[in-house]
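> Next up is a structure, given as structure tokens.
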Amino acid sequence: MPERYTERKNVDVRLEVIVGSMFSGKTDELIRRLEREEIAKLNVQLFKPSIDFRYDPQKVNSHSGRSHEAILVEKDNPKSILKLVNPAIKVIGIDEAQFFSSEIVGVCEELVAMGKRVIVAGLPTDFRGEPFGAMPLLMAMAEKVDKVTAVCMVCGEEAYFTQRIKIINGERIPVDYNDPLILVGAGQDYEARCRKHHEVPGRPKK
């Protein structure tokens with residue numbers, strides 16, 4: 001099927017940010033917004049950091065099984081997105097934005113200045129419960145921010161935090177504060193937790 005690049009005057013030129021813990025559905029929401037634009041006969045482009053090698057490396061995949069073709073970008077070189085963007089495309093998606101260097105903020109601003117609708121998804125905090133990468137600044141710069149929540153795997157209440165765990169003798173144990181910051185994983189490595197049940201052994205006292 002030939003590519004179709006349809007000019008549409010009512011495309012929202014803005015930066016949108018979707019944030020939430022692991023298993024909150026933020027990637028599902030990102031893909032849903034892109035698919036809506038495709039239904040309206042607009043082509044889209046989706047980018048993700050090459051560090052995210054889960055499932056199919058050439059796609060963005062949600063935990064629920066939803067997927068969309070994506071272009072891999074080195075996490076330390078988000079400026080390459082500007083060279084990879086097709087000028088005719090009006091809607092750009094960026095997944096797992098927390099893994100990119102701080103340059104991702106300027107990239108998003110430049111894309112919006114080029115007349116794009118930019119939709120970014122990522123984790124607002126790391127497993128320590130601390131701001132993750134450039135996400136806080138992206139949230140501050142965005143015209144629209146949506147926070148999605150998961151279900152706490154301890155109590156069943158709303159969860160906004162990501163708990164990293166390790167399994168010892170069959171028991172799921174929270175990892176220490178000084179564990180490596182980045183570990184790309186899924187259900188075996190992470191849980192969604194509410195504030196009450198989010199645990200970080202070894203976290204410095206404030």
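Simple scheme: letters A, B, ... for chains in structure tokens order, numbers from 1 for residues in each chain, numbers from 1 for ligands in the order shown.
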Residues at most 12 Å from Lys166 of chain A, counting only C-alpha atoms, excluding those fewer than 4 positions away in the same chain, as a PyMOL selection string?

chain A and resi 170-176+179+183+185-191

> Quick one: pick out all strand (DSSP E) residues within segment 121-200 of chain A from a backbone DSSP run and write them as number ranges by chain.

A: 121-122, 144-147, 150-151, 158-159, 161-168, 171-174, 190-193

> Take the residues that were just selected and, keeping C-alpha atoms, output them as a CSV table (one decimal), in the first residue's frame.


```csv
chain,number,residue,atom,x,y,z
A,121,ALA,CA,5.6,8.3,27.0
A,122,GLY,CA,7.9,7.4,29.9
A,144,LYS,CA,-0.7,18.4,28.0
A,145,VAL,CA,0.4,15.9,30.7
A,146,ASP,CA,-1.6,12.7,31.5
A,147,LYS,CA,-0.7,10.6,34.5
A,150,ALA,CA,-1.5,0.9,37.7
A,151,VAL,CA,-2.7,-1.4,40.5
A,158,GLU,CA,-3.8,2.8,42.7
A,159,ALA,CA,-0.1,2.5,42.0
A,161,PHE,CA,5.5,3.9,41.7
A,162,THR,CA,7.7,1.3,40.1
A,163,GLN,CA,9.2,-1.3,42.4
A,164,ARG,CA,12.2,-3.3,41.3
A,165,ILE,CA,12.5,-6.7,42.8
A,166,LYS,CA,14.8,-9.7,42.9
A,167,ILE,CA,13.8,-13.3,43.6
A,168,ILE,CA,15.6,-15.1,46.5
A,171,GLU,CA,10.6,-14.7,47.6
A,172,ARG,CA,10.2,-11.4,45.8
A,173,ILE,CA,12.5,-8.9,47.6
A,174,PRO,CA,12.9,-5.2,46.9
A,190,TYR,CA,9.3,-5.0,38.4
A,191,GLU,CA,6.0,-4.5,40.2
A,192,ALA,CA,3.6,-1.5,40.4
A,193,ARG,CA,3.3,-0.2,44.0
```

> Taking the chain letters and numbering used in this document, name the residues of segment 5-181 of chain A that DSSP puts in helix (DSSP H, G or I), as a ChimeraX atom specification.

/A:26-39,80-84,97-99,103-113,135-141

> Those residues you just picked out, can you put them in a file as a compact mmCIF listing (two decimals), in the first residue's frame with N, CA and C atoms?


```txt
# COMPACT_ATOMS: atom_id res chain seq x y z
N LYS A 26 0.81 3.22 29.88
CA LYS A 26 1.24 4.44 29.18
C LYS A 26 1.63 4.16 27.73
N THR A 27 2.25 3.02 27.47
CA THR A 27 2.60 2.68 26.09
C THR A 27 1.34 2.35 25.29
N ASP A 28 0.39 1.69 25.92
CA ASP A 28 -0.90 1.44 25.27
C ASP A 28 -1.55 2.76 24.85
N GLU A 29 -1.51 3.74 25.74
CA GLU A 29 -2.13 5.03 25.43
C GLU A 29 -1.39 5.74 24.31
N LEU A 30 -0.06 5.67 24.31
CA LEU A 30 0.72 6.26 23.24
C LEU A 30 0.35 5.64 21.89
N ILE A 31 0.31 4.31 21.84
CA ILE A 31 -0.03 3.63 20.59
C ILE A 31 -1.46 3.96 20.18
N ARG A 32 -2.38 4.02 21.14
CA ARG A 32 -3.77 4.35 20.83
C ARG A 32 -3.88 5.70 20.14
N ARG A 33 -3.15 6.69 20.64
CA ARG A 33 -3.21 8.03 20.04
C ARG A 33 -2.63 8.03 18.63
N LEU A 34 -1.57 7.28 18.43
CA LEU A 34 -0.99 7.19 17.09
C LEU A 34 -1.94 6.48 16.13
N GLU A 35 -2.57 5.42 16.60
CA GLU A 35 -3.50 4.68 15.74
C GLU A 35 -4.70 5.54 15.35
N ARG A 36 -5.14 6.40 16.24
CA ARG A 36 -6.26 7.29 15.90
C ARG A 36 -5.87 8.23 14.76
N GLU A 37 -4.64 8.71 14.79
CA GLU A 37 -4.18 9.58 13.71
C GLU A 37 -4.08 8.80 12.40
N GLU A 38 -3.68 7.53 12.48
CA GLU A 38 -3.60 6.71 11.27
C GLU A 38 -4.99 6.44 10.70
N ILE A 39 -5.97 6.27 11.57
CA ILE A 39 -7.35 6.10 11.11
C ILE A 39 -7.80 7.34 10.34
N SER A 80 19.51 12.53 16.76
CA SER A 80 19.40 11.82 15.47
C SER A 80 17.94 11.69 15.04
N ILE A 81 17.02 11.83 15.98
CA ILE A 81 15.59 11.79 15.62
C ILE A 81 15.28 12.88 14.59
N LEU A 82 15.91 14.04 14.75
CA LEU A 82 15.63 15.15 13.84
C LEU A 82 16.02 14.81 12.40
N LYS A 83 17.03 13.97 12.22
CA LYS A 83 17.45 13.57 10.88
C LYS A 83 16.57 12.44 10.33
N LEU A 84 15.95 11.69 11.23
CA LEU A 84 15.16 10.54 10.82
C LEU A 84 13.69 10.88 10.57
N ALA A 97 10.95 7.58 27.04
CA ALA A 97 11.77 8.79 26.92
C ALA A 97 12.73 8.98 28.09
N GLN A 98 12.46 8.33 29.22
CA GLN A 98 13.34 8.50 30.39
C GLN A 98 14.74 7.97 30.14
N PHE A 99 14.89 7.08 29.15
CA PHE A 99 16.20 6.51 28.86
C PHE A 99 17.09 7.43 28.03
N GLU A 103 19.17 15.81 26.06
CA GLU A 103 18.96 16.45 24.76
C GLU A 103 17.58 16.17 24.18
N ILE A 104 16.89 15.15 24.72
CA ILE A 104 15.57 14.82 24.21
C ILE A 104 14.60 15.99 24.39
N VAL A 105 14.82 16.83 25.40
CA VAL A 105 13.94 17.97 25.64
C VAL A 105 14.03 18.95 24.47
N GLY A 106 15.25 19.31 24.08
CA GLY A 106 15.43 20.21 22.95
C GLY A 106 14.93 19.61 21.66
N VAL A 107 15.08 18.30 21.50
CA VAL A 107 14.58 17.63 20.31
C VAL A 107 13.06 17.77 20.21
N CYS A 108 12.37 17.54 21.33
CA CYS A 108 10.91 17.66 21.33
C CYS A 108 10.47 19.09 21.04
N GLU A 109 11.17 20.06 21.62
CA GLU A 109 10.83 21.45 21.36
C GLU A 109 11.02 21.80 19.89
N GLU A 110 12.10 21.28 19.30
CA GLU A 110 12.36 21.57 17.89
C GLU A 110 11.31 20.92 16.99
N LEU A 111 10.90 19.71 17.34
CA LEU A 111 9.87 19.03 16.55
C LEU A 111 8.56 19.81 16.58
N VAL A 112 8.20 20.32 17.76
CA VAL A 112 6.98 21.13 17.86
C VAL A 112 7.13 22.40 17.04
N ALA A 113 8.31 23.02 17.08
CA ALA A 113 8.55 24.23 16.30
C ALA A 113 8.44 23.96 14.80
N MET A 135 12.38 13.33 32.16
CA MET A 135 10.92 13.32 32.24
C MET A 135 10.34 14.52 33.00
N PRO A 136 10.91 14.92 34.15
CA PRO A 136 10.33 16.08 34.85
C PRO A 136 10.34 17.35 34.00
N LEU A 137 11.40 17.57 33.24
CA LEU A 137 11.48 18.76 32.41
C LEU A 137 10.52 18.66 31.23
N LEU A 138 10.38 17.48 30.66
CA LEU A 138 9.41 17.29 29.58
C LEU A 138 8.00 17.56 30.07
N MET A 139 7.70 17.12 31.28
CA MET A 139 6.38 17.37 31.86
C MET A 139 6.15 18.86 32.06
N ALA A 140 7.21 19.56 32.47
CA ALA A 140 7.08 21.00 32.71
C ALA A 140 6.89 21.76 31.40
N MET A 141 7.48 21.28 30.32
CA MET A 141 7.42 21.98 29.04
C MET A 141 6.17 21.64 28.23
```

> Leaving out Arg14 of chain A and any residue of its chain fewer than 5 positions from it, which residues lie within 8 Å of it when counting only C-alpha atoms, given as a list in words?

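Non-adjacent residues within range: Val112, Lys116, Arg117, Val118, Ala142 and Glu143 of chain A.
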
> Which residues are near Gln45 of chain A? Cut-off 7 Å, only C-alpha atoms, ignore same chain within fewer than 6 positions. Put them as JSON, numbers by chain.

{"A": [91, 92, 93]}
